[in-house]
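*Asks:* Got a structure for you, target.pdb, holding PDB, C-alpha atoms and all ligand atoms.
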```
ATOM      1  CA  MET Y1485      83.664 104.455  87.024
ATOM      2  CA  ALA Y1486      86.430 103.493  89.448
ATOM      3  CA  GLN Y1487      86.956 107.159  90.161
ATOM      4  CA  GLU Y1488      83.293 107.810  90.966
ATOM      5  CA  ARG Y1489      83.304 104.827  93.282
ATOM      6  CA  SER Y1490      86.396 105.886  95.233
ATOM      7  CA  ALA Y1491      85.201 109.490  95.549
ATOM      8  CA  LEU Y1492      81.807 108.335  96.825
ATOM      9  CA  LEU Y1493      83.404 106.028  99.372
ATOM     10  CA  LEU Y1494      85.741 108.765 100.641
ATOM     11  CA  HIS Y1495      82.847 111.232 100.922
ATOM     12  CA  ARG Y1496      80.937 108.654 102.964
ATOM     13  CA  GLN Y1497      83.881 108.234 105.322
ATOM     14  CA  LEU Y1498      84.400 111.961 105.691
ATOM     15  CA  GLY Y1499      80.716 112.447 106.487
ATOM     16  CA  GLU Y1500      80.785 109.620 108.989
ATOM     17  CA  LEU Y1501      83.893 111.005 110.743
ATOM     18  CA  MET Y1502      82.337 114.490 110.921
ATOM     19  CA  LYS Y1503      79.199 113.045 112.474
ATOM     20  CA  ASN Y1504      80.898 110.593 114.820
ATOM     21  CA  PRO Y1505      84.484 111.675 115.548
ATOM     22  CA  VAL Y1506      86.823 108.918 116.684
ATOM     23  CA  GLU Y1507      88.986 109.333 119.758
ATOM     24  CA  GLY Y1508      92.682 109.721 119.049
ATOM     25  CA  PHE Y1509      92.628 111.688 115.811
ATOM     26  CA  SER Y1510      90.788 114.272 113.750
ATOM     27  CA  ALA Y1511      90.500 114.201 109.981
ATOM     28  CA  GLY Y1512      89.608 116.568 107.152
ATOM     29  CA  LEU Y1513      90.628 117.457 103.609
ATOM     30  CA  ILE Y1514      93.769 119.404 102.718
ATOM     31  CA  ASP Y1515      91.749 121.208 100.053
ATOM     32  CA  ASP Y1516      87.938 121.096 100.125
ATOM     33  CA  ASP Y1517      87.855 120.400  96.393
ATOM     34  CA  ASP Y1518      90.054 117.307  96.481
ATOM     35  CA  ILE Y1519      88.536 114.290  98.228
ATOM     36  CA  TYR Y1520      91.699 112.248  97.547
ATOM     37  CA  LYS Y1521      93.991 114.269  99.832
ATOM     38  CA  TRP Y1522      93.335 114.210 103.551
ATOM     39  CA  GLU Y1523      94.974 115.951 106.455
ATOM     40  CA  VAL Y1524      94.817 114.256 109.833
ATOM     41  CA  LEU Y1525      95.968 115.186 113.294
ATOM     42  CA  ILE Y1526      96.999 112.268 115.470
ATOM     43  CA  ILE Y1527      97.051 112.684 119.216
ATOM     44  CA  GLY Y1528     100.079 111.002 120.769
ATOM     45  CA  PRO Y1529      98.643 107.911 122.480
ATOM     46  CA  PRO Y1530      98.433 108.213 126.292
ATOM     47  CA  ASP Y1531     100.963 106.252 128.349
ATOM     48  CA  THR Y1532     103.470 106.195 125.497
ATOM     49  CA  LEU Y1533     106.522 108.332 124.746
ATOM     50  CA  PHE Y1534     104.369 110.187 122.207
ATOM     51  CA  GLU Y1535     101.818 111.340 124.791
ATOM     52  CA  GLY Y1536     101.108 115.071 124.608
ATOM     53  CA  GLY Y1537     102.074 115.394 120.936
ATOM     54  CA  PHE Y1538      99.817 116.451 118.057
ATOM     55  CA  PHE Y1539     101.200 114.988 114.875
ATOM     56  CA  LYS Y1540     100.036 116.207 111.515
ATOM     57  CA  ALA Y1541      99.974 113.763 108.589
ATOM     58  CA  HIS Y1542      98.642 113.599 105.044
ATOM     59  CA  LEU Y1543      96.885 110.700 103.352
ATOM     60  CA  TYR Y1544      96.985 110.391  99.560
ATOM     61  CA  PHE Y1545      94.353 108.081  98.104
ATOM     62  CA  PRO Y1546      94.721 106.538  94.636
ATOM     63  CA  LYS Y1547      91.820 106.794  92.195
ATOM     64  CA  ASP Y1548      91.308 103.044  92.490
ATOM     65  CA  TYR Y1549      90.935 103.093  96.267
ATOM     66  CA  PRO Y1550      89.822 100.815  97.974
ATOM     67  CA  LEU Y1551      91.475  98.284  95.674
ATOM     68  CA  LYS Y1552      94.769  99.993  96.438
ATOM     69  CA  PRO Y1553      95.923 101.520  99.735
ATOM     70  CA  PRO Y1554      96.596 105.231 100.292
ATOM     71  CA  LYS Y1555     100.058 106.556 101.084
ATOM     72  CA  MET Y1556     100.536 108.237 104.421
ATOM     73  CA  LYS Y1557     103.139 110.859 105.244
ATOM     74  CA  PHE Y1558     103.765 112.643 108.508
ATOM     75  CA  ILE Y1559     104.248 116.374 108.105
ATOM     76  CA  SER Y1560     105.336 116.760 111.720
ATOM     77  CA  ASP Y1561     108.712 115.256 112.645
ATOM     78  CA  VAL Y1562     108.246 111.829 114.201
ATOM     79  CA  TRP Y1563     111.217 109.768 115.361
ATOM     80  CA  HIS Y1564     109.990 106.205 114.982
ATOM     81  CA  PRO Y1565     111.322 102.932 113.470
ATOM     82  CA  ASN Y1566     108.354 102.604 111.082
ATOM     83  CA  ILE Y1567     108.320 106.184 109.788
ATOM     84  CA  ASP Y1568     111.150 107.094 107.437
ATOM     85  CA  LYS Y1569     113.044 110.345 107.644
ATOM     86  CA  ASN Y1570     110.780 111.935 105.011
ATOM     87  CA  GLY Y1571     107.748 111.120 107.145
ATOM     88  CA  ASP Y1572     106.488 108.253 104.997
ATOM     89  CA  VAL Y1573     104.665 105.645 107.044
ATOM     90  CA  CYS Y1574     105.743 102.079 106.412
ATOM     91  CA  ILE Y1575     103.321  99.582 107.889
ATOM     92  CA  SER Y1576     102.187  96.302 106.398
ATOM     93  CA  ILE Y1577      98.494  97.171 106.099
ATOM     94  CA  LEU Y1578      99.432  99.961 103.683
ATOM     95  CA  HIS Y1579     101.187  97.446 101.414
ATOM     96  CA  GLU Y1580      99.305  95.845  98.582
ATOM     97  CA  PRO Y1581      98.501  92.154  99.054
ATOM     98  CA  GLY Y1582     101.355  89.786  98.297
ATOM     99  CA  ASP Y1583     100.951  86.910  95.910
ATOM    100  CA  ASP Y1584      98.112  85.162  97.691
ATOM    101  CA  LYS Y1585      99.200  81.824  96.260
ATOM    102  CA  TYR Y1586     102.035  81.630  98.774
ATOM    103  CA  GLY Y1587     101.297  84.235 101.377
ATOM    104  CA  TYR Y1588      97.665  84.177 102.324
ATOM    105  CA  GLU Y1589      98.334  83.151 105.904
ATOM    106  CA  LYS Y1590      99.542  86.703 106.330
ATOM    107  CA  ALA Y1591      96.795  88.299 104.251
ATOM    108  CA  ASN Y1592      95.290  89.944 107.312
ATOM    109  CA  GLU Y1593      98.441  92.020 107.777
ATOM    110  CA  ARG Y1594      98.322  93.410 104.242
ATOM    111  CA  TRP Y1595      96.034  95.906 102.585
ATOM    112  CA  LEU Y1596      92.342  94.950 102.369
ATOM    113  CA  PRO Y1597      89.638  96.904 100.552
ATOM    114  CA  ILE Y1598      87.631  97.151 103.760
ATOM    115  CA  HIS Y1599      90.223  99.413 105.398
ATOM    116  CA  THR Y1600      88.998 102.953 106.015
ATOM    117  CA  VAL Y1601      90.628 106.157 107.217
ATOM    118  CA  GLU Y1602      89.534 105.093 110.688
ATOM    119  CA  THR Y1603      91.056 101.591 110.624
ATOM    120  CA  ILE Y1604      94.262 102.913 109.033
ATOM    121  CA  LEU Y1605      94.702 105.616 111.674
ATOM    122  CA  LEU Y1606      93.934 103.220 114.504
ATOM    123  CA  SER Y1607      96.701 100.962 113.141
ATOM    124  CA  VAL Y1608      99.085 103.908 112.949
ATOM    125  CA  ILE Y1609      98.240 104.887 116.534
ATOM    126  CA  SER Y1610      98.958 101.369 117.727
ATOM    127  CA  MET Y1611     102.198 101.427 115.708
ATOM    128  CA  LEU Y1612     103.257 104.592 117.571
ATOM    129  CA  ALA Y1613     102.688 102.805 120.847
ATOM    130  CA  ASP Y1614     104.292  99.581 119.728
ATOM    131  CA  PRO Y1615     107.051  99.911 117.077
ATOM    132  CA  ASN Y1616     107.909  96.949 114.888
ATOM    133  CA  ASP Y1617     111.661  96.832 114.327
ATOM    134  CA  GLU Y1618     111.710  93.804 112.013
ATOM    135  CA  SER Y1619     111.912  95.858 108.827
ATOM    136  CA  PRO Y1620     112.454  99.434 109.970
ATOM    137  CA  ALA Y1621     111.940 102.400 107.648
ATOM    138  CA  ASN Y1622     114.172 104.515 109.884
ATOM    139  CA  VAL Y1623     117.149 102.317 110.738
ATOM    140  CA  ASP Y1624     118.648 104.827 113.152
ATOM    141  CA  ALA Y1625     115.411 105.161 115.093
ATOM    142  CA  ALA Y1626     115.144 101.371 115.239
ATOM    143  CA  LYS Y1627     118.702 101.162 116.552
ATOM    144  CA  ASP Y1628     117.987 103.777 119.222
ATOM    145  CA  TRP Y1629     114.789 102.044 120.191
ATOM    146  CA  ARG Y1630     116.548  98.683 120.554
ATOM    147  CA  GLU Y1631     119.925  99.654 121.935
ATOM    148  CA  ASN Y1632     119.637 103.096 123.427
ATOM    149  CA  PRO Y1633     116.182 103.689 124.943
ATOM    150  CA  ALA Y1634     117.330 106.893 126.678
ATOM    151  CA  GLU Y1635     118.396 108.429 123.365
ATOM    152  CA  PHE Y1636     115.155 107.243 121.708
ATOM    153  CA  LYS Y1637     113.123 108.819 124.491
ATOM    154  CA  LYS Y1638     115.034 112.090 124.170
ATOM    155  CA  LYS Y1639     114.493 112.330 120.410
ATOM    156  CA  VAL Y1640     110.794 111.473 120.707
ATOM    157  CA  ALA Y1641     110.382 114.083 123.461
ATOM    158  CA  ARG Y1642     111.917 116.642 121.106
ATOM    159  CA  CYS Y1643     109.331 115.727 118.420
ATOM    160  CA  VAL Y1644     106.498 115.955 120.951
ATOM    161  CA  ARG Y1645     107.630 119.426 122.035
ATOM    162  CA  LYS Y1646     108.016 120.573 118.450
ATOM    163  CA  SER Y1647     104.554 119.272 117.539
ATOM    164  CA  GLN Y1648     103.012 121.317 120.357
ATOM    165  CA  GLU Y1649     104.492 124.499 118.918
ATOM    166  CA  GLU Y1650     103.339 123.912 115.348
TER     167      GLU Y1650
ATOM    168  CA  MET N 698      68.640  84.362  90.445
ATOM    169  CA  GLY N 699      70.543  86.010  87.642
ATOM    170  CA  ASN N 700      72.621  83.857  85.427
ATOM    171  CA  CYS N 701      76.258  84.760  85.993
ATOM    172  CA  LEU N 702      77.827  82.174  83.729
ATOM    173  CA  LYS N 703      77.511  84.354  80.694
ATOM    174  CA  SER N 704      79.914  83.887  77.826
ATOM    175  CA  PRO N 705      83.261  85.624  78.235
ATOM    176  CA  THR N 706      83.513  89.182  77.009
ATOM    177  CA  ALA N 707      85.733  90.188  74.123
ATOM    178  CA  ASP N 708      88.504  91.155  76.539
ATOM    179  CA  ASP N 709      88.532  87.741  78.118
ATOM    180  CA  ILE N 710      88.712  86.032  74.750
ATOM    181  CA  SER N 711      91.732  88.041  73.659
ATOM    182  CA  LEU N 712      93.464  86.866  76.806
ATOM    183  CA  LEU N 713      92.756  83.250  76.024
ATOM    184  CA  ARG N 714      94.168  83.432  72.534
ATOM    185  CA  GLY N 715      97.790  83.209  73.602
ATOM    186  CA  GLY N 716     100.820  85.438  73.388
ATOM    187  CA  ASP N 717     101.095  85.715  69.624
ATOM    188  CA  SER N 718      98.197  88.029  68.901
ATOM    189  CA  PRO N 719      99.396  91.593  69.248
ATOM    190  CA  VAL N 720      96.653  94.008  70.190
ATOM    191  CA  ASP N 721      96.308  97.177  68.146
ATOM    192  CA  GLY N 722      99.299  96.392  65.955
ATOM    193  CA  GLN N 723     101.967  96.650  68.628
ATOM    194  CA  ASP N 724     104.700  94.072  68.796
ATOM    195  CA  PRO N 725     104.553  92.630  72.320
ATOM    196  CA  THR N 726     108.228  91.610  72.162
ATOM    197  CA  LEU N 727     109.335  95.231  71.891
ATOM    198  CA  LEU N 728     109.707  96.194  75.507
ATOM    199  CA  GLY N 729     110.178  99.906  74.989
ATOM    200  CA  PRO N 730     108.678 102.503  77.299
ATOM    201  CA  PRO N 731     105.088 101.583  78.132
ATOM    202  CA  PRO N 732     102.459 103.234  75.939
ATOM    203  CA  PRO N 733     100.667 106.242  77.442
ATOM    204  CA  TYR N 734      97.968 105.150  79.830
ATOM    205  CA  GLN N 735      94.593 104.899  78.179
ATOM    206  CA  GLU N 736      91.448 104.953  80.233
ATOM    207  CA  SER N 737      89.725 102.524  77.875
ATOM    208  CA  ALA N 738      92.372  99.802  77.553
ATOM    209  CA  PRO N 739      91.942  96.996  80.062
ATOM    210  CA  VAL N 740      94.775  96.823  82.570
ATOM    211  CA  TYR N 741      95.528  93.550  84.297
ATOM    212  CA  HIS N 742      97.323  92.715  87.505
ATOM    213  CA  PRO N 743      99.330  89.520  87.051
ATOM    214  CA  ALA N 744     100.783  90.092  90.504
ATOM    215  CA  PRO N 745      99.473  92.614  92.994
ATOM    216  CA  ASN N 746     102.139  95.224  92.362
ATOM    217  CA  ILE N 747     102.247  94.864  88.605
ATOM    218  CA  SER N 748      99.723  96.551  86.327
ATOM    219  CA  ARG N 749      99.963  96.016  82.601
ATOM    220  CA  PRO N 750      97.676  96.272  79.591
ATOM    221  CA  ALA N 751      96.747  92.895  78.134
ATOM    222  CA  HIS N 752      99.199  92.920  75.230
ATOM    223  CA  LEU N 753     102.224  93.241  77.517
ATOM    224  CA  LEU N 754     101.431  90.212  79.658
ATOM    225  CA  THR N 755     103.503  87.048  79.411
ATOM    226  CA  GLU N 756     101.742  83.895  78.344
ATOM    227  CA  GLU N 757     101.969  82.515  81.865
ATOM    228  CA  GLU N 758     100.360  85.633  83.289
ATOM    229  CA  GLN N 759      97.614  85.496  80.684
ATOM    230  CA  ILE N 760      96.820  81.918  81.630
ATOM    231  CA  LYS N 761      96.768  82.799  85.322
ATOM    232  CA  ILE N 762      94.395  85.713  84.712
ATOM    233  CA  ALA N 763      92.147  83.664  82.443
ATOM    234  CA  GLN N 764      91.928  80.979  85.133
ATOM    235  CA  ARG N 765      91.123  83.580  87.749
ATOM    236  CA  ILE N 766      88.354  85.064  85.595
ATOM    237  CA  GLY N 767      86.952  81.547  85.153
ATOM    238  CA  LEU N 768      86.984  80.886  88.903
ATOM    239  CA  ILE N 769      85.299  84.185  89.701
ATOM    240  CA  GLN N 770      82.584  83.466  87.144
ATOM    241  CA  HIS N 771      81.842  80.199  88.934
ATOM    242  CA  LEU N 772      81.077  81.921  92.213
ATOM    243  CA  PRO N 773      77.345  82.209  92.812
ATOM    244  CA  CYS N 774      75.711  85.572  92.323
ATOM    245  CA  GLY N 775      72.249  87.048  92.264
ATOM    246  CA  GLU N 776      70.192  90.151  92.813
ATOM    247  CA  TYR N 777      69.403  91.742  96.128
ATOM    248  CA  ASP N 778      65.749  91.140  96.960
ATOM    249  CA  GLY N 779      65.726  92.406 100.542
ATOM    250  CA  SER N 780      65.433  88.939 102.061
ATOM    251  CA  LYS N 781      69.084  88.522 103.116
ATOM    252  CA  LYS N 782      70.397  89.560 106.481
ATOM    253  CA  ALA N 783      73.380  91.404 105.012
ATOM    254  CA  ARG N 784      72.350  94.972 104.174
ATOM    255  CA  GLU N 785      75.628  96.677 103.381
ATOM    256  CA  CYS N 786      78.625  96.091 101.147
ATOM    257  CA  VAL N 787      81.677  96.662 103.341
ATOM    258  CA  ILE N 788      83.871  97.521 100.358
ATOM    259  CA  CYS N 789      81.917 100.590  99.191
ATOM    260  CA  MET N 790      80.072 101.104 102.508
ATOM    261  CA  GLY N 791      76.887 101.337 100.457
ATOM    262  CA  GLU N 792      73.582  99.766 101.426
ATOM    263  CA  PHE N 793      72.246  97.098  99.112
ATOM    264  CA  SER N 794      69.212  98.222  97.200
ATOM    265  CA  ILE N 795      66.683  96.017  95.457
ATOM    266  CA  GLY N 796      68.070  94.811  92.154
ATOM    267  CA  ASP N 797      71.779  95.318  93.001
ATOM    268  CA  LYS N 798      73.965  92.553  91.599
ATOM    269  CA  LEU N 799      75.519  90.595  94.457
ATOM    270  CA  ARG N 800      78.312  88.044  94.707
ATOM    271  CA  TYR N 801      78.165  85.294  97.349
ATOM    272  CA  LEU N 802      81.523  83.957  98.551
ATOM    273  CA  PRO N 803      81.874  80.419  99.945
ATOM    274  CA  CYS N 804      82.477  81.888 103.434
ATOM    275  CA  MET N 805      78.934  83.364 103.202
ATOM    276  CA  HIS N 806      80.122  86.953 102.955
ATOM    277  CA  ILE N 807      78.169  89.003 100.428
ATOM    278  CA  TYR N 808      79.347  92.001  98.371
ATOM    279  CA  HIS N 809      78.306  93.955  95.321
ATOM    280  CA  LYS N 810      79.456  91.944  92.324
ATOM    281  CA  ASP N 811      81.386  94.906  90.890
ATOM    282  CA  CYS N 812      83.054  95.707  94.196
ATOM    283  CA  ILE N 813      84.314  92.209  95.004
ATOM    284  CA  ASP N 814      85.170  91.004  91.487
ATOM    285  CA  ASP N 815      87.792  93.745  91.051
ATOM    286  CA  TRP N 816      89.346  92.770  94.356
ATOM    287  CA  LEU N 817      89.327  89.044  93.585
ATOM    288  CA  MET N 818      91.363  89.724  90.444
ATOM    289  CA  ARG N 819      94.092  91.050  92.738
ATOM    290  CA  SER N 820      93.794  88.799  95.735
ATOM    291  CA  PHE N 821      91.676  85.670  95.841
ATOM    292  CA  THR N 822      90.667  86.114  99.465
ATOM    293  CA  CYS N 823      87.561  87.386 101.208
ATOM    294  CA  PRO N 824      88.361  90.877 102.577
ATOM    295  CA  SER N 825      86.161  90.354 105.640
ATOM    296  CA  CYS N 826      87.435  87.001 106.922
ATOM    297  CA  MET N 827      90.606  86.497 104.838
ATOM    298  CA  GLU N 828      89.325  83.070 103.804
ATOM    299  CA  PRO N 829      91.123  82.060 100.590
ATOM    300  CA  VAL N 830      88.315  81.742  98.078
ATOM    301  CA  ASP N 831      89.896  79.029  95.927
ATOM    302  CA  ALA N 832      90.416  76.514  98.732
ATOM    303  CA  ALA N 833      86.799  76.825  99.800
ATOM    304  CA  LEU N 834      85.727  76.705  96.183
ATOM    305  CA  LEU N 835      87.292  73.293  95.654
ATOM    306  CA  THR N 836      85.654  71.713  98.684
ATOM    307  CA  THR N 837      82.283  73.467  98.535
ATOM    308  CA  PHE N 838      81.502  73.656  94.883
ATOM    309  CA  ASP N 839      83.324  70.804  93.175
ATOM    310  CA  GLY N 840      80.792  68.279  91.989
ATOM    311  CA  SER N 841      77.797  70.280  93.141
ATOM    312  CA  ASN N 842      77.935  72.539  90.127
TER     313      ASN N 842
HETATM  314 ZN    ZN L   1      79.792  97.590  97.141
HETATM  315 ZN    ZN L   2      84.426  85.920 104.158
END
```
I need this file expressed as C-alpha cells, please.

*Replies:*
Amino acid sequence: MAQERSALLLHRQLGELMKNPVEGFSAGLIDDDDIYKWEVLIIGPPDTLFEGGFFKAHLYFPKDYPLKPPKMKFISDVWHPNIDKNGDVCISILHEPGDDKYGYEKANERWLPIHTVETILLSVISMLADPNDESPANVDAAKDWRENPAEFKKKVARCVRKSQEE
Amino acid sequence: MGNCLKSPTADDISLLRGGDSPVDGQDPTLLGPPPPYQESAPVYHPAPNISRPAHLLTEEEQIKIAQRIGLIQHLPCGEYDGSKKARECVICMGEFSIGDKLRYLPCMHIYHKDCIDDWLMRSFTCPSCMEPVDAALLTTFDGSN
C-alpha cells in the first residue's frame, strides 16, 4: 500500500519533469525499472564559484516516501561545507522532522511530505550558492570557506573542471 | 459527511492496554535483536527517527501514540463531492475524485485522509503551512465538538 503510493507519486513527478523541465537541473532514473533511484545533473548556479560545472548526483527514495525524505549523494566531487567527503548531502530539509512538541518553530526547515524532486534540488542549488557552516558535513571545506576563501575557490574550481570532463 | 469517530481498531486497543500485554508471546523486556521486519505488523513512530512494532514501545510512548490517534480522530473529515475549491492533495499530487475520503485541518488545508493521517502520526503539523495542528485544535474545536 505504502509502496504503491510512493511509486505512483514518483512516477507523477518524473512525468511532470519530462514534460516541463526545470531550469538548473535535469533528472531521470538510474535504471528504468527502479523508480526509487534517480540520477540528476545539477548545473553549477550562475554567478557562484560552481558556475560552469555539471554535477552528477543520485537520489535514493525510501518505500515510505513522502513520509520520509530521500538520501542524496553527489557522484561528482564537490568541495562544499554541506556535502561530506563521500558526497552525501547534509541539509536540514532532508532530515526527518524533529520532535514537534519542542521544535515546531523550525518545522519549515525540516522534511515535509510535500517536498518533491524539484523542491529538493532547488534547495540543493541554493545551498551550493550559499553554504551554511553552522553544522558542516565537511569540516575542512567549512574551514576553507570561512578562513581561506582563496583555497576554497581553488578547490571548487578543480571540482568544476573535473565535472566538465566527466 | 462520513462519520470519522468510529470505534478504535484492534491495533489501537492493544496500545491502550498498557505495557504488560506482550503481543504474540514475546517478552517485551527482552531487548534482544529486533525481530525480522514483518509487513503486516504495525510499526509505530514514538519519535520521528524511531520506528518500532507496538510490543517494543515503552508505556510512555504508547500513551503518547494513543493520544495522538485520539486527536487525529477528532479532526473533521468527509468525502469529496466536487464542491470544494481544493482539487488536489499536495502529498500524493493526486486530484481528488468524487467519494475520496478527505481530512480537513484547522488551518483549512485539505488532504486525502490516508495521506495526511500517516504524516500526522509523525509530526502534528500541517505540511503546507506548518501550522501545529494541536494548538489550533484546542482553540478551534474545544467546546464546539
Ligand atoms: Zn493524497
Ligand atoms: Zn495548513

*Asks:* Just want the residues within 12 Å of ligand ZN 1 (chain L), written as JSON, numbers by chain, counting all atoms listed in the file.

*Replies:* {"Y": [1486, 1489, 1490, 1492, 1493, 1550, 1551, 1597, 1598], "N": [777, 783, 784, 785, 786, 787, 788, 789, 790, 791, 792, 793, 794, 797, 798, 799, 800, 807, 808, 809, 810, 811, 812, 813, 814, 815, 816]}

*Asks:* Between N:Met805, N:Ala751, N:Phe821, N:Glu758, which one has atoms that come closest to ligand ZN 2 (chain L), using all atoms listed in the file?

*Replies:*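 Closest to ligand ZN 2 (chain L), using all atoms listed in the file: N:Met805.
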
*Asks:* Under the rule that all atoms listed in the file are counted, which of Y:Gln1487, Y:Asn1616, Y:Asn1566, Y:Ser1647 is the nearest residue to chain N?

*Replies:*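 Residue with the minimum atom-to-atom distance to chain N: Y:Gln1487.
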
*Asks:* Starting from the displayed file, determine the output of the PyMOL selection byres (((not hetatm)) within 10 of (chain L and resi 2)) and express the residue list as number ranges by chain.

*Replies:* N: 801-808, 822-830

*Asks:* To test your reading of the syntax: which residues would the PyMOL selection byres (((chain Y and resi 1508-1514) around 7) and not hetatm) return for the file shown? Reply as a PyMOL selection string.

*Replies:* chain Y and resi 1506-1507+1515-1516+1519+1521-1527

*Asks:* Give me, please, the distance in Å between CA of Pro1581 in chain Y and CA of Glu1593 in chain Y, quoted to one decimal.

*Replies:* 8.7 Å

*Asks:* To box range 1596-1603 of chain Y, take all atoms listed in the file, fit an axis-aligned box, add 6 Å on each side, and give centre and edge lengths in Å to one decimal, as JSON.

*Replies:*
```
{"center_x": 90.0, "center_y": 100.6, "center_z": 105.6, "size_x": 16.7, "size_y": 23.2, "size_z": 22.1}
```

*Asks:* Here's the selection I'm unsure about, the PyMOL selection byres (((chain Y and resi 1618-1635) around 9) and not hetatm); applied to the file above, which residues does it give, as JSON, numbers by chain?

*Replies:* {"Y": [1563, 1564, 1565, 1566, 1567, 1568, 1569, 1572, 1573, 1574, 1615, 1616, 1617, 1636, 1637, 1638, 1639, 1640]}

*Asks:* Pick out the residues sitting within 12 Å of Asp1531 in chain Y, and hand them over as a list in words; count only C-alpha atoms, and ignore anything fewer than 2 positions along from it in its own chain.

*Replies:* Ile1527, Gly1528, Pro1529, Leu1533, Phe1534, Glu1535, Gly1536, Gly1537, Ser1610, Leu1612, Ala1613 and Asp1614 of chain Y

*Asks:* Between CA of Lys1557 in chain Y and CA of Thr1532 in chain Y, what is the distance in Å, rounded to a tenth?

*Replies:* 20.8 Å

*Asks:* Dump as a compact mmCIF listing (two decimals) with C-alpha atoms, keeping the file's coordinate frame all residues having an atom at most 7 Å from (85.0, 87.8, 88.7), computed in the file's coordinates with only C-alpha atoms.

*Replies:*
```
# COMPACT_ATOMS: atom_id res chain seq x y z
CA ILE N 766 88.35 85.06 85.60
CA ILE N 769 85.30 84.18 89.70
CA GLN N 770 82.58 83.47 87.14
CA ASP N 814 85.17 91.00 91.49
CA ASP N 815 87.79 93.74 91.05
CA LEU N 817 89.33 89.04 93.58
CA MET N 818 91.36 89.72 90.44
```

*Asks:* Considering only C-alpha atoms, can you say which of Y:Tyr1520, Y:Tyr1549, Y:Phe1538, Y:Phe1558 comes closest to chain N?

*Replies:*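 Distance minimum relative to chain N lands on Y:Tyr1549.
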
*Asks:* What is the distance between CA of Leu1543 in chain Y and CA of Pro1505 in chain Y, in Å to one decimal?

*Replies:*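 Atom-to-atom, CA of Leu1543 in chain Y and CA of Pro1505 in chain Y are spaced 17.4 Å apart.
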
*Asks:* Given the choices Y:Pro1554, Y:Asp1518, Y:Val1644, Y:Ile1575, which gets closest to Ala1491 in chain Y if the distance is worked out from all atoms listed in the file?

*Replies:* Y:Asp1518

*Asks:* Can we get range 757-761 of chain N of that structure written down with all heavy atoms, as a PDB file, in the first residue's frame?

*Replies:*
```pdb
ATOM      1  N   GLU N 757       5.181   5.016  28.135  1.00  0.00           N
ATOM      2  CA  GLU N 757       5.045   6.447  27.858  1.00  0.00           C
ATOM      3  C   GLU N 757       4.800   6.688  26.375  1.00  0.00           C
ATOM      4  O   GLU N 757       3.947   7.491  25.979  1.00  0.00           O
ATOM      5  CB  GLU N 757       6.323   7.149  28.309  1.00  0.00           C
ATOM      6  CG  GLU N 757       6.194   8.654  28.458  1.00  0.00           C
ATOM      7  CD  GLU N 757       7.569   9.288  28.683  1.00  0.00           C
ATOM      8  OE1 GLU N 757       8.433   8.628  29.315  1.00  0.00           O
ATOM      9  OE2 GLU N 757       7.764  10.414  28.206  1.00  0.00           O
ATOM     10  N   GLU N 758       5.543   5.949  25.549  1.00  0.00           N
ATOM     11  CA  GLU N 758       5.379   6.093  24.102  1.00  0.00           C
ATOM     12  C   GLU N 758       3.996   5.617  23.672  1.00  0.00           C
ATOM     13  O   GLU N 758       3.362   6.210  22.800  1.00  0.00           O
ATOM     14  CB  GLU N 758       6.461   5.293  23.372  1.00  0.00           C
ATOM     15  CG  GLU N 758       7.844   5.939  23.448  1.00  0.00           C
ATOM     16  CD  GLU N 758       8.973   4.989  23.047  1.00  0.00           C
ATOM     17  OE1 GLU N 758       8.716   3.782  22.852  1.00  0.00           O
ATOM     18  OE2 GLU N 758      10.106   5.449  22.939  1.00  0.00           O
ATOM     19  N   GLN N 759       3.543   4.533  24.300  1.00  0.00           N
ATOM     20  CA  GLN N 759       2.215   4.017  23.942  1.00  0.00           C
ATOM     21  C   GLN N 759       1.128   5.035  24.255  1.00  0.00           C
ATOM     22  O   GLN N 759       0.191   5.230  23.487  1.00  0.00           O
ATOM     23  CB  GLN N 759       1.933   2.720  24.703  1.00  0.00           C
ATOM     24  CG  GLN N 759       2.829   1.581  24.251  1.00  0.00           C
ATOM     25  CD  GLN N 759       2.473   0.271  24.924  1.00  0.00           C
ATOM     26  OE1 GLN N 759       1.357   0.111  25.398  1.00  0.00           O
ATOM     27  NE2 GLN N 759       3.403  -0.638  24.967  1.00  0.00           N
ATOM     28  N   ILE N 760       1.289   5.699  25.402  1.00  0.00           N
ATOM     29  CA  ILE N 760       0.293   6.704  25.788  1.00  0.00           C
ATOM     30  C   ILE N 760       0.314   7.860  24.788  1.00  0.00           C
ATOM     31  O   ILE N 760      -0.714   8.320  24.307  1.00  0.00           O
ATOM     32  CB  ILE N 760       0.568   7.216  27.220  1.00  0.00           C
ATOM     33  CG1 ILE N 760       0.272   6.100  28.218  1.00  0.00           C
ATOM     34  CG2 ILE N 760      -0.266   8.455  27.532  1.00  0.00           C
ATOM     35  CD1 ILE N 760       0.764   6.378  29.626  1.00  0.00           C
ATOM     36  N   LYS N 761       1.521   8.292  24.441  1.00  0.00           N
ATOM     37  CA  LYS N 761       1.671   9.403  23.503  1.00  0.00           C
ATOM     38  C   LYS N 761       1.004   9.065  22.164  1.00  0.00           C
ATOM     39  O   LYS N 761       0.282   9.877  21.584  1.00  0.00           O
ATOM     40  CB  LYS N 761       3.166   9.676  23.298  1.00  0.00           C
ATOM     41  CG  LYS N 761       3.466  11.078  22.818  1.00  0.00           C
ATOM     42  CD  LYS N 761       4.968  11.300  22.722  1.00  0.00           C
ATOM     43  CE  LYS N 761       5.253  12.287  21.611  1.00  0.00           C
ATOM     44  NZ  LYS N 761       6.648  12.322  21.198  1.00  0.00           N
TER      45      LYS N 761
END
```
